[in-house]
Structure formats: C-alpha cells, structure tokens
file coords_19.txt (compact mmCIF, C-alpha atoms)
# COMPACT_ATOMS: atom_id res chain seq x y z
CA MET A 1 -99.58 -4.71 -224.57
CA TRP A 2 -100.57 -3.48 -228.02
CA LEU A 3 -97.54 -2.00 -229.82
CA ASP A 4 -99.91 0.03 -231.97
CA GLU A 5 -103.53 0.36 -230.80
CA VAL A 6 -105.00 0.80 -234.28
CA SER A 7 -102.83 -1.45 -236.45
CA CYS A 8 -102.58 -4.35 -234.00
CA LYS A 9 -106.32 -4.41 -233.35
CA LEU A 10 -107.02 -4.27 -237.07
CA CYS A 11 -104.59 -7.18 -237.42
CA ILE A 12 -106.48 -9.41 -234.99
CA ILE A 13 -109.79 -8.63 -236.71
CA THR A 14 -108.33 -9.38 -240.14
CA SER A 15 -106.57 -12.51 -238.87
CA ARG A 16 -109.54 -14.13 -237.17
CA THR A 17 -112.06 -13.36 -239.89
CA GLY A 18 -109.48 -14.67 -242.37
CA ASP A 19 -109.18 -17.86 -240.32
CA LEU A 20 -112.89 -18.57 -240.66
CA ILE A 21 -112.86 -17.85 -244.38
CA ARG A 22 -109.89 -20.19 -244.89
CA LEU A 23 -111.62 -22.82 -242.77
CA GLN A 24 -114.76 -22.47 -244.90
CA LYS A 25 -116.91 -21.09 -242.09
CA PRO A 26 -117.89 -17.63 -243.42
CA ASP A 27 -121.33 -18.02 -241.83
CA LYS A 28 -119.62 -17.74 -238.43
CA LEU A 29 -118.24 -14.23 -239.08
CA PRO A 30 -120.92 -12.44 -236.99
CA GLN A 31 -120.00 -14.57 -233.95
CA ILE A 32 -116.26 -13.93 -234.21
CA LEU A 33 -116.80 -10.21 -234.77
CA SER A 34 -118.94 -10.06 -231.65
CA GLU A 35 -116.22 -11.83 -229.66
CA LEU A 36 -113.48 -9.61 -231.07
CA SER A 37 -115.38 -6.46 -230.10
CA GLN A 38 -114.83 -7.54 -226.49
CA LEU A 39 -111.33 -8.95 -226.78
CA ILE A 40 -109.78 -5.86 -228.35
CA GLN A 41 -110.64 -4.00 -225.18
CA ARG A 42 -108.24 -6.18 -223.18
CA SER A 43 -104.87 -4.70 -222.28
CA SER A 44 -103.03 -7.85 -223.33
CA ARG A 45 -102.46 -8.41 -227.02
CA SER A 46 -101.25 -11.96 -226.31
CA GLU A 47 -104.39 -12.89 -224.38
CA ALA A 48 -106.65 -11.42 -227.06
CA PHE A 49 -104.98 -13.40 -229.85
CA ALA A 50 -104.93 -16.66 -227.88
CA MET A 51 -108.54 -16.41 -226.71
CA SER A 52 -109.81 -15.40 -230.14
CA PHE A 53 -108.17 -18.45 -231.71
CA GLN A 54 -109.95 -20.65 -229.19
CA THR A 55 -113.19 -19.11 -230.45
CA VAL A 56 -112.18 -19.77 -234.06
CA ALA A 57 -111.50 -23.42 -233.25
CA LYS A 58 -114.87 -23.76 -231.55
CA LEU A 59 -116.72 -22.12 -234.44
CA ALA A 60 -114.83 -24.30 -236.93
CA GLY A 61 -115.77 -27.42 -234.98
CA SER A 62 -112.18 -28.60 -234.58
CA GLU A 63 -109.79 -28.49 -231.64
CA ASP A 64 -106.85 -28.06 -234.06
CA PRO A 65 -108.34 -26.60 -237.26
CA TYR A 66 -105.02 -26.18 -239.07
CA ARG A 67 -103.73 -29.68 -238.35
CA ASP A 68 -103.72 -30.82 -241.99
CA TYR A 69 -102.00 -27.63 -243.10
CA LYS A 70 -99.38 -28.03 -240.38
CA GLU A 71 -98.57 -31.50 -241.66
CA LYS A 72 -97.96 -30.08 -245.13
CA LEU A 73 -95.74 -27.36 -243.68
CA ALA A 74 -93.80 -29.95 -241.69
CA ALA A 75 -93.10 -31.94 -244.87
CA ILE A 76 -91.72 -28.81 -246.55
CA GLY A 77 -89.71 -27.97 -243.44
CA LYS A 78 -88.09 -31.41 -243.36
CA ARG A 79 -86.82 -30.99 -246.91
CA VAL A 80 -85.40 -27.55 -246.18
CA ALA A 81 -83.88 -28.81 -242.93
CA GLU A 82 -81.66 -31.16 -244.91
CA ALA A 83 -80.16 -28.20 -246.79
CA VAL A 84 -79.71 -26.37 -243.48
CA ARG A 85 -77.94 -29.38 -242.00
CA GLN A 86 -75.57 -29.49 -244.96
CA ARG A 87 -74.78 -25.76 -244.63
CA LEU A 88 -74.08 -26.09 -240.91
CA GLN A 89 -71.87 -29.10 -241.48
CA GLU A 90 -69.88 -27.03 -243.96
CA THR A 91 -69.42 -24.31 -241.31
CA SER A 92 -68.47 -26.82 -238.58
CA TRP A 93 -71.80 -26.09 -236.88
CA ASP A 94 -71.02 -22.41 -236.41
CA LEU A 95 -73.42 -21.02 -233.80
CA LYS A 96 -73.76 -17.58 -235.36
CA THR A 97 -74.73 -19.12 -238.69
CA ALA A 98 -77.23 -21.39 -236.95
CA LEU A 99 -78.94 -18.50 -235.16
CA ARG A 100 -79.10 -16.47 -238.37
CA ILE A 101 -80.89 -19.37 -240.05
CA ALA A 102 -83.22 -19.78 -237.06
CA ALA A 103 -84.30 -16.14 -237.28
CA ALA A 104 -84.64 -16.22 -241.07
CA ALA A 105 -86.75 -19.39 -240.89
CA ASN A 106 -89.49 -17.44 -239.09
CA ILE A 107 -91.12 -16.93 -242.50
CA VAL A 108 -94.23 -19.09 -242.14
CA ASP A 109 -97.47 -17.50 -240.90
CA THR A 110 -101.22 -17.25 -241.44
CA SER A 111 -102.31 -14.24 -239.46
CA VAL A 112 -100.21 -11.09 -239.91
CA LEU A 113 -101.89 -8.11 -241.55
CA GLY A 114 -100.40 -7.36 -244.96
CA TYR A 115 -97.79 -10.11 -244.71
CA ARG A 116 -96.42 -11.66 -247.90
CA PRO A 117 -94.14 -14.61 -247.13
CA LYS A 118 -91.27 -15.92 -249.21
CA LYS A 119 -90.72 -19.62 -249.84
CA LEU A 120 -89.05 -21.26 -246.86
CA GLU A 121 -86.27 -22.75 -248.97
CA GLU A 122 -85.28 -19.26 -250.12
CA ALA A 123 -85.93 -17.36 -246.90
CA VAL A 124 -83.66 -19.38 -244.58
CA TRP A 125 -80.55 -17.78 -246.07
CA ASP A 126 -81.63 -14.16 -245.48
CA LEU A 127 -79.27 -12.21 -243.25
CA PRO A 128 -80.59 -10.34 -240.21
CA ALA A 129 -81.17 -6.59 -240.24
CA ILE A 130 -80.45 -6.52 -236.50
CA GLU A 131 -77.92 -8.98 -235.11
CA GLU A 132 -77.24 -8.85 -231.39
CA TYR A 133 -75.68 -11.73 -229.53
CA VAL A 134 -75.35 -12.60 -225.88
CA ASP A 135 -73.44 -15.43 -224.27
CA LEU A 136 -75.81 -18.39 -224.04
CA PRO A 137 -75.68 -20.50 -220.87
CA GLN A 138 -75.30 -24.26 -220.85
CA ASN A 139 -79.08 -24.79 -220.61
CA VAL A 140 -81.75 -22.84 -222.49
CA TYR A 141 -85.49 -23.00 -223.03
CA TYR A 142 -86.07 -23.00 -226.80
CA VAL A 143 -89.61 -21.69 -227.39
CA LEU A 144 -90.87 -22.95 -230.73
CA ASP A 145 -93.27 -21.28 -233.15
CA ASN A 146 -94.81 -22.37 -236.44
CA SER A 147 -94.85 -25.77 -238.07
CA GLY A 148 -92.45 -26.00 -240.99
CA GLU A 149 -89.85 -23.72 -239.47
CA ALA A 150 -89.86 -25.97 -236.40
CA GLN A 151 -88.29 -28.72 -238.50
CA ILE A 152 -85.37 -26.38 -239.05
CA ASP A 153 -85.27 -25.57 -235.33
CA LEU A 154 -84.55 -29.25 -234.68
CA VAL A 155 -81.34 -28.83 -236.66
CA ILE A 156 -80.57 -25.55 -234.89
CA ALA A 157 -80.95 -27.41 -231.59
CA GLU A 158 -78.30 -29.85 -232.77
CA ALA A 159 -76.01 -26.90 -233.49
CA LEU A 160 -76.60 -25.62 -229.96
CA GLU A 161 -75.72 -29.00 -228.51
CA ARG A 162 -72.56 -29.23 -230.59
CA ASN A 163 -71.58 -25.88 -229.06
CA GLY A 164 -72.12 -27.10 -225.51
CA ILE A 165 -75.66 -25.71 -225.05
CA ARG A 166 -78.50 -28.01 -224.00
CA PRO A 167 -81.90 -26.85 -225.33
CA THR A 168 -85.28 -27.89 -223.96
CA PHE A 169 -88.08 -27.26 -226.43
CA VAL A 170 -91.09 -25.41 -225.06
CA VAL A 171 -94.53 -25.38 -226.71
CA ARG A 172 -98.13 -24.51 -225.87
CA SER A 173 -100.25 -27.36 -224.53
CA GLU A 174 -103.23 -26.45 -226.72
CA PRO A 175 -103.42 -25.57 -230.42
CA TYR A 176 -102.74 -22.03 -231.55
CA GLU A 177 -102.80 -21.15 -235.25
CA ILE A 178 -100.10 -23.25 -236.97
CA ASP A 179 -97.79 -23.61 -233.96
CA VAL A 180 -96.24 -27.00 -233.23
CA LEU A 181 -97.42 -29.06 -230.27
CA GLU A 182 -95.78 -31.67 -228.07
CA ARG A 183 -97.19 -34.50 -230.19
CA ASP A 184 -95.26 -33.13 -233.19
CA LEU A 185 -91.92 -33.56 -231.40
CA SER A 186 -91.76 -37.17 -230.25
CA GLY A 187 -88.28 -38.16 -229.16
CA TYR A 188 -87.26 -34.67 -228.03
CA ARG A 189 -87.14 -32.98 -224.64
CA VAL A 190 -90.34 -30.94 -224.57
CA LEU A 191 -91.98 -28.78 -221.93
CA ALA A 192 -95.66 -28.01 -222.60
CA THR A 193 -96.99 -24.92 -220.83
CA PRO A 194 -100.66 -24.31 -219.88
CA GLY A 195 -103.29 -23.45 -222.46
CA ASN A 196 -102.72 -21.93 -225.88
CA ILE A 197 -101.01 -18.71 -224.82
CA SER A 198 -97.30 -18.14 -225.46
CA PRO A 199 -95.06 -20.28 -223.23
CA VAL A 200 -93.03 -17.15 -222.50
CA ARG A 201 -95.76 -16.18 -220.03
CA TRP A 202 -94.91 -19.12 -217.79
CA ILE A 203 -91.09 -19.21 -217.86
CA ARG A 204 -89.72 -17.56 -214.73
CA ASP A 205 -86.16 -18.85 -214.53
CA GLY A 206 -83.23 -19.81 -216.73
CA PHE A 207 -82.62 -18.39 -220.21
CA ILE A 208 -85.06 -18.21 -223.15
CA VAL A 209 -84.40 -18.51 -226.86
CA ALA A 210 -87.80 -17.64 -228.40
CA LYS A 211 -88.96 -17.82 -231.99
CA GLY A 212 -91.57 -15.66 -233.70
CA ILE A 213 -93.48 -12.44 -233.15
CA ALA A 214 -96.16 -13.91 -230.86
CA ASN A 215 -93.43 -14.98 -228.44
CA PHE A 216 -91.72 -11.61 -228.87
CA GLU A 217 -95.01 -9.85 -227.99
CA ALA A 218 -95.46 -12.10 -224.97
CA TYR A 219 -91.95 -11.28 -223.80
CA MET A 220 -92.79 -7.58 -223.97
CA GLU A 221 -95.71 -8.27 -221.64
CA TRP A 222 -94.37 -10.88 -219.23
CA GLY A 223 -90.69 -11.58 -219.90
CA GLU A 224 -88.69 -11.60 -216.69
CA THR A 225 -85.70 -13.79 -217.52
CA PRO A 226 -82.82 -13.15 -219.94
CA ALA A 227 -83.71 -13.99 -223.53
CA LEU A 228 -82.60 -14.00 -227.14
CA LEU A 229 -85.50 -13.30 -229.51
CA LEU A 230 -85.46 -14.55 -233.11
CA PHE A 231 -88.19 -13.29 -235.44
CA ARG A 232 -89.04 -11.39 -238.61
CA ALA A 233 -90.48 -7.88 -238.70
CA LYS A 234 -93.48 -9.18 -240.64
CA CYS A 235 -95.69 -6.11 -240.30
CA ASP A 236 -95.42 -2.34 -240.70
CA VAL A 237 -95.58 -1.87 -236.92
CA LEU A 238 -92.51 -4.00 -236.22
CA SER A 239 -90.74 -2.52 -239.23
CA ARG A 240 -91.28 0.95 -237.77
CA VAL A 241 -90.46 0.03 -234.18
CA PHE A 242 -87.12 -1.54 -235.10
CA SER A 243 -86.35 0.75 -238.07
CA VAL A 244 -85.80 -2.15 -240.48
CA PRO A 245 -87.36 -3.12 -243.83
CA ARG A 246 -90.54 -5.15 -243.46
CA ASN A 247 -89.95 -8.91 -243.24
CA SER A 248 -86.34 -8.51 -242.07
CA PRO A 249 -84.98 -11.18 -239.71
CA ILE A 250 -84.02 -9.88 -236.26
CA ILE A 251 -81.77 -11.37 -233.58
CA ILE A 252 -82.03 -9.32 -230.41
CA SER A 253 -81.80 -9.70 -226.65
CA GLY A 254 -84.99 -9.46 -224.65
CA GLU A 255 -83.55 -6.51 -222.73
CA LYS A 256 -82.79 -4.51 -225.86
CA ALA A 257 -86.10 -5.44 -227.52
CA LYS A 258 -87.97 -4.14 -224.48
CA ALA A 259 -85.95 -0.94 -224.41
CA ILE A 260 -86.70 -0.22 -228.07
CA SER A 261 -90.37 -1.25 -227.99
CA LEU A 262 -91.27 0.58 -224.80
CA SER A 263 -89.61 3.78 -225.98
CA GLN A 264 -92.07 4.15 -228.87
call {"tool": "encode", "arguments": {"input": "coords_19.txt", "output": "structure tokens"}}
result
Amino acid sequence: MWLDEVSCKLCIITSRTGDLIRLQKPDKLPQILSELSQLIQRSSRSEAFAMSFQTVAKLAGSEDPYRDYKEKLAAIGKRVAEAVRQRLQETSWDLKTALRIAAAANIVDTSVLGYRPKKLEEAVWDLPAIEEYVDLPQNVYYVLDNSGEAQIDLVIAEALERNGIRPTFVVRSEPYEIDVLERDLSGYRVLATPGNISPVRWIRDGFIVAKGIANFEAYMEWGETPALLLFRAKCDVLSRVFSVPRNSPIIISGEKAKAISLSQ
C-alpha cells in the first residue's frame, strides 16, 4: 500500500539512488533506476522498498553495505542509552515515560525524502504529538528498527520487564538499510523472520510493539494482530495523514493507525 502514490514513489527513487551515491557507486544508477521503474508498479510499498534494497546491496557488492555505519550508530546509541537508563531509574521505570522515549528515539534514518534528523541525544526527550495507550499483555513481540535507536530499545525492554511485560525482540533475517540484525543482539531473546522485509508481515498471533515507519507501513498492509506502533512522522505524507508537525513522535494503536490511514 502506498499512502501517497506520487510522494512515496518519489521517496523510493530518491532513497535508492541516494544509497548508491553514499556507497560510492554512482556508476550503478542506470541499473537501479531500471529496477525501480518496475518495482514502483507493485501494489506493496513494503515489498518495493525491501526488494530495491536487495538490488542496492548487490550493486554495491556487499551483503550489508551499511554495516560500518551501523556500528558507529550503535556506539552513539549506547552512550545515549545510559542517559535514558538514568532517567527511567529516576521515574521508577515508569512505562509511559519509557514508551515516549522509545517513540522519540525513532530519529535515525537514511532513506526518507526531505528528512532532517536531530541528534539522538537531543531527540529522545521529545514528547509525542499523538499519545494513545493500550493495555499491554504479559508477552509482546518487540519489532526493532534502526541501529543506534535499538540500543535505547534494549533499555526500554528492561522497563517493560520491570512492569511485568516480557518482550521478545524481532528482526529481519537479512540486511535492510541500517536496521539491526540478530547478530547485533547477542544475549537477548531474538526472533528472526524471513528475508529483509518487515517482520510485521510474518507475525500472526500475540501482540506487537513495532518501531519505525517501515514497520508502520507493513502493519497497514499485513497487520492482523493487536499492536502499538512507535514512530516519527518523518515525511510530509505522514505529517498530513496524522495531522501533526513533521518529525513528531507518535504512539498509536495499530487499529487506530489503520483507521486514520485508510480514511485518507
């Protein structure tokens, strides 16, 4: 599902050509443009983005072309996570505070048209423009997103556990942009779903807590189970759909997110 046929398809073209430029493969632009001309005809935005990144990786000659960058982001995230831990300790691990930080931490990205991120250490304290809560069950699937913010999610998971909620981290099996992988989370309960498409596609039971706009988009397409979605409205399309300033953090149930998005 493309929330906006024109803007979202322009976003994927800008994102994937930008990937090759950042990866110092500008000579491969004709190949990716040829591939994108086919992919933007697909009905699934999530499939188009996932498949196009596979093409980028192949053209760049690396299975995980952003691996070095992800390591740098992880180092930054670990430093910020210490400040998050201190804040949550001061609030006695308040769950509402933890979820606000989780949504605000969705600041890192490489591939959103027109996006201008803030520094992670500043962004994590931003308050949500939409803040909806549902009662979380004792067990949840916690679908992770970008490296850097994932280090903060490890602390958020501790807050969940201290509030009687047992999270299982869920990630893609194969690299996608700067998303974390199972190998980045040694020592934690991790479920790796097939391929490099959003794990939301494969979860058919339980309750989902999902980070980031790619997982939000996937939930709009395939979400069948109850969910709480934590992301930022990083683009003009999401800003318009949810009637919030661009880059605002959002905490919203999957049910309500679908109702708003599909009414556009």
call {"tool": "atom_distance", "arguments": {"input": "coords_19.txt", "atom1": "CA of Lys58 in chain A", "atom2": "CA of Leu181 in chain A"}}
result
18.3 Å
call {"tool": "residues_around", "arguments": {"input": "coords_19.txt", "residues": "Ile40 in chain A", "least_positions_apart": "3", "cutoff": "10 Å", "atoms": "all atoms listed in the file", "output": "list in words"}}
result
Trp2, Glu5, Cys8, Lys9, Leu10, Ile12, Ile13, Glu35, Leu36, Ser37, Ser43, Ser44, Arg45, Glu47, Ala48, Phe49 and Ser52 of chain A
call {"tool": "write_last_selection", "arguments": {"input": "coords_19.txt", "atoms": "C-alpha atoms", "output": "mmCIF file, in the frame of the given file"}}
result
data_model
loop_
_atom_site.group_PDB
_atom_site.id
_atom_site.type_symbol
_atom_site.label_atom_id
_atom_site.label_comp_id
_atom_site.auth_asym_id
_atom_site.auth_seq_id
_atom_site.Cartn_x
_atom_site.Cartn_y
_atom_site.Cartn_z
ATOM 1 C CA TRP A 2 -100.570 -3.480 -228.020
ATOM 2 C CA GLU A 5 -103.530 0.360 -230.800
ATOM 3 C CA CYS A 8 -102.580 -4.350 -234.000
ATOM 4 C CA LYS A 9 -106.320 -4.410 -233.350
ATOM 5 C CA LEU A 10 -107.020 -4.270 -237.070
ATOM 6 C CA ILE A 12 -106.480 -9.410 -234.990
ATOM 7 C CA ILE A 13 -109.790 -8.630 -236.710
ATOM 8 C CA GLU A 35 -116.220 -11.830 -229.660
ATOM 9 C CA LEU A 36 -113.480 -9.610 -231.070
ATOM 10 C CA SER A 37 -115.380 -6.460 -230.100
ATOM 11 C CA SER A 43 -104.870 -4.700 -222.280
ATOM 12 C CA SER A 44 -103.030 -7.850 -223.330
ATOM 13 C CA ARG A 45 -102.460 -8.410 -227.020
ATOM 14 C CA GLU A 47 -104.390 -12.890 -224.380
ATOM 15 C CA ALA A 48 -106.650 -11.420 -227.060
ATOM 16 C CA PHE A 49 -104.980 -13.400 -229.850
ATOM 17 C CA SER A 52 -109.810 -15.400 -230.140
#
call {"tool": "closest_residue", "arguments": {"input": "coords_19.txt", "among": "A:Ile152, A:Leu136, A:Ala218, A:Met51", "to": "Asn106 in chain A", "atoms": "only C-alpha atoms"}}
result
A:Ile152
call {"tool": "residues_around", "arguments": {"input": "coords_19.txt", "residues": "range 70-73 of chain A", "least_positions_apart": "6", "cutoff": "7 Å", "atoms": "all atoms listed in the file", "output": "VMD selection string"}}
result
chain A and resid 147 to 148 178
call {"tool": "atom_distance", "arguments": {"input": "coords_19.txt", "atom1": "CA of Gly61 in chain A", "atom2": "CA of Asp19 in chain A"}}
result
12.8 Å
call {"tool": "closest_residue", "arguments": {"input": "coords_19.txt", "among": "A:Asn163, A:Gln86, A:Thr110, A:Ser253", "to": "Arg22 in chain A", "atoms": "only C-alpha atoms"}}
result
A:Thr110
call {"tool": "closest_residue", "arguments": {"input": "coords_19.txt", "among": "A:Val134, A:Ile107, A:Pro226, A:Val124", "to": "Gly212 in chain A", "atoms": "only C-alpha atoms"}}
result
A:Ile107
call {"tool": "closest_residue", "arguments": {"input": "coords_19.txt", "among": "A:Val170, A:Leu120, A:Leu154, A:Leu238", "to": "Gln264 in chain A", "atoms": "all atoms listed in the file"}}
result
A:Leu238
call {"tool": "atom_distance", "arguments": {"input": "coords_19.txt", "atom1": "CA of Ala83 in chain A", "atom2": "CA of Leu127 in chain A"}}
result
16.4 Å
call {"tool": "closest_residue", "arguments": {"input": "coords_19.txt", "among": "A:Lys28, A:Lys78, A:Arg116, A:Arg240", "to": "Leu59 in chain A", "atoms": "all atoms listed in the file"}}
result
A:Lys28
call {"tool": "residues_near_point", "arguments": {"input": "coords_19.txt", "point": "(-101.0, -19.3, -223.1)", "cutoff": "9 Å", "atoms": "only C-alpha atoms", "output": "PyMOL selection string"}}
result
chain A and resi 46-47+50-51+172-174+193-202
call {"tool": "write_last_selection", "arguments": {"input": "coords_19.txt", "atoms": "C-alpha atoms", "output": "compact mmCIF listing (two decimals), in the frame of the given file"}}
result
# COMPACT_ATOMS: atom_id res chain seq x y z
CA SER A 46 -101.25 -11.96 -226.31
CA GLU A 47 -104.39 -12.89 -224.38
CA ALA A 50 -104.93 -16.66 -227.88
CA MET A 51 -108.54 -16.41 -226.71
CA ARG A 172 -98.13 -24.51 -225.87
CA SER A 173 -100.25 -27.36 -224.53
CA GLU A 174 -103.23 -26.45 -226.72
CA THR A 193 -96.99 -24.92 -220.83
CA PRO A 194 -100.66 -24.31 -219.88
CA GLY A 195 -103.29 -23.45 -222.46
CA ASN A 196 -102.72 -21.93 -225.88
CA ILE A 197 -101.01 -18.71 -224.82
CA SER A 198 -97.30 -18.14 -225.46
CA PRO A 199 -95.06 -20.28 -223.23
CA VAL A 200 -93.03 -17.15 -222.50
CA ARG A 201 -95.76 -16.18 -220.03
CA TRP A 202 -94.91 -19.12 -217.79
call {"tool": "closest_residue", "arguments": {"input": "coords_19.txt", "among": "A:Asp109, A:Glu224, A:Glu122, A:Asp4", "to": "Tyr176 in chain A", "atoms": "only C-alpha atoms"}}
result
A:Asp109
call {"tool": "residues_near_point", "arguments": {"input": "coords_19.txt", "point": "(-94.8, -22.9, -232.5)", "cutoff": "6 Å", "atoms": "only C-alpha atoms", "output": "ChimeraX atom specification"}}
result
/A:144-146,179-180
call {"tool": "residues_around", "arguments": {"input": "coords_19.txt", "residues": "Arg100 in chain A", "least_positions_apart": "3", "cutoff": "8 Å", "atoms": "all atoms listed in the file", "output": "ChimeraX atom specification"}}
result
/A:96-97,103-104,125-128,251
call {"tool": "decode", "arguments": {"input": "coords_19.txt", "residues": "range 189-216 of chain A", "atoms": "N, CA and C atoms", "output": "compact mmCIF listing (two decimals), in the first residue's frame"}}
result
# COMPACT_ATOMS: atom_id res chain seq x y z
N ARG A 189 16.70 -12.43 23.75
CA ARG A 189 15.73 -13.27 23.04
C ARG A 189 15.39 -12.60 21.72
N VAL A 190 15.70 -13.29 20.62
CA VAL A 190 15.51 -12.68 19.30
C VAL A 190 14.83 -13.69 18.37
N LEU A 191 13.83 -13.21 17.66
CA LEU A 191 13.18 -13.97 16.61
C LEU A 191 13.52 -13.30 15.28
N ALA A 192 14.13 -14.04 14.36
CA ALA A 192 14.49 -13.50 13.05
C ALA A 192 13.51 -14.04 12.01
N THR A 193 12.82 -13.13 11.33
CA THR A 193 11.82 -13.53 10.34
C THR A 193 12.42 -13.58 8.94
N PRO A 194 11.76 -14.25 8.00
CA PRO A 194 12.37 -14.49 6.68
C PRO A 194 12.70 -13.22 5.89
N GLY A 195 13.84 -13.28 5.20
CA GLY A 195 14.21 -12.24 4.25
C GLY A 195 14.50 -10.89 4.87
N ASN A 196 14.37 -9.85 4.04
CA ASN A 196 14.69 -8.50 4.53
C ASN A 196 13.45 -7.61 4.56
N ILE A 197 12.26 -8.21 4.50
CA ILE A 197 11.04 -7.44 4.60
C ILE A 197 10.64 -7.29 6.07
N SER A 198 9.80 -6.33 6.39
CA SER A 198 9.42 -6.09 7.78
C SER A 198 8.91 -7.35 8.45
N PRO A 199 9.38 -7.63 9.68
CA PRO A 199 8.88 -8.79 10.43
C PRO A 199 7.38 -8.75 10.66
N VAL A 200 6.78 -7.57 10.62
CA VAL A 200 5.35 -7.45 10.85
C VAL A 200 4.57 -8.34 9.88
N ARG A 201 5.12 -8.54 8.70
CA ARG A 201 4.44 -9.37 7.70
C ARG A 201 4.19 -10.79 8.20
N TRP A 202 5.08 -11.28 9.07
CA TRP A 202 5.05 -12.70 9.43
C TRP A 202 4.40 -12.96 10.79
N ILE A 203 4.12 -11.95 11.57
CA ILE A 203 3.58 -12.16 12.92
C ILE A 203 2.06 -12.29 12.83
N ARG A 204 1.55 -13.43 13.23
CA ARG A 204 0.12 -13.71 13.09
C ARG A 204 -0.57 -14.02 14.41
N ASP A 205 0.13 -13.86 15.52
CA ASP A 205 -0.50 -14.08 16.82
C ASP A 205 0.13 -13.14 17.84
N GLY A 206 -0.40 -13.14 19.04
CA GLY A 206 0.18 -12.34 20.11
C GLY A 206 -0.07 -10.86 19.97
N PHE A 207 0.86 -10.06 20.48
CA PHE A 207 0.75 -8.59 20.48
C PHE A 207 2.07 -8.01 20.01
N ILE A 208 2.01 -6.99 19.16
CA ILE A 208 3.19 -6.38 18.56
C ILE A 208 3.43 -4.98 19.12
N VAL A 209 4.65 -4.71 19.51
CA VAL A 209 5.13 -3.34 19.71
C VAL A 209 6.15 -3.12 18.61
N ALA A 210 5.87 -2.21 17.67
CA ALA A 210 6.72 -2.06 16.48
C ALA A 210 7.28 -0.66 16.38
N LYS A 211 8.56 -0.58 16.05
CA LYS A 211 9.26 0.69 15.93
C LYS A 211 9.41 1.08 14.46
N GLY A 212 9.26 2.37 14.16
CA GLY A 212 9.66 2.90 12.87
C GLY A 212 8.58 2.89 11.80
N ILE A 213 8.80 3.73 10.76
CA ILE A 213 7.77 3.89 9.74
C ILE A 213 7.71 2.71 8.77
N ALA A 214 8.81 2.00 8.55
CA ALA A 214 8.74 0.83 7.67
C ALA A 214 7.85 -0.23 8.29
N ASN A 215 7.96 -0.42 9.61
CA ASN A 215 7.10 -1.39 10.29
C ASN A 215 5.66 -0.89 10.38
N PHE A 216 5.49 0.43 10.53
CA PHE A 216 4.14 1.00 10.47
C PHE A 216 3.51 0.72 9.11
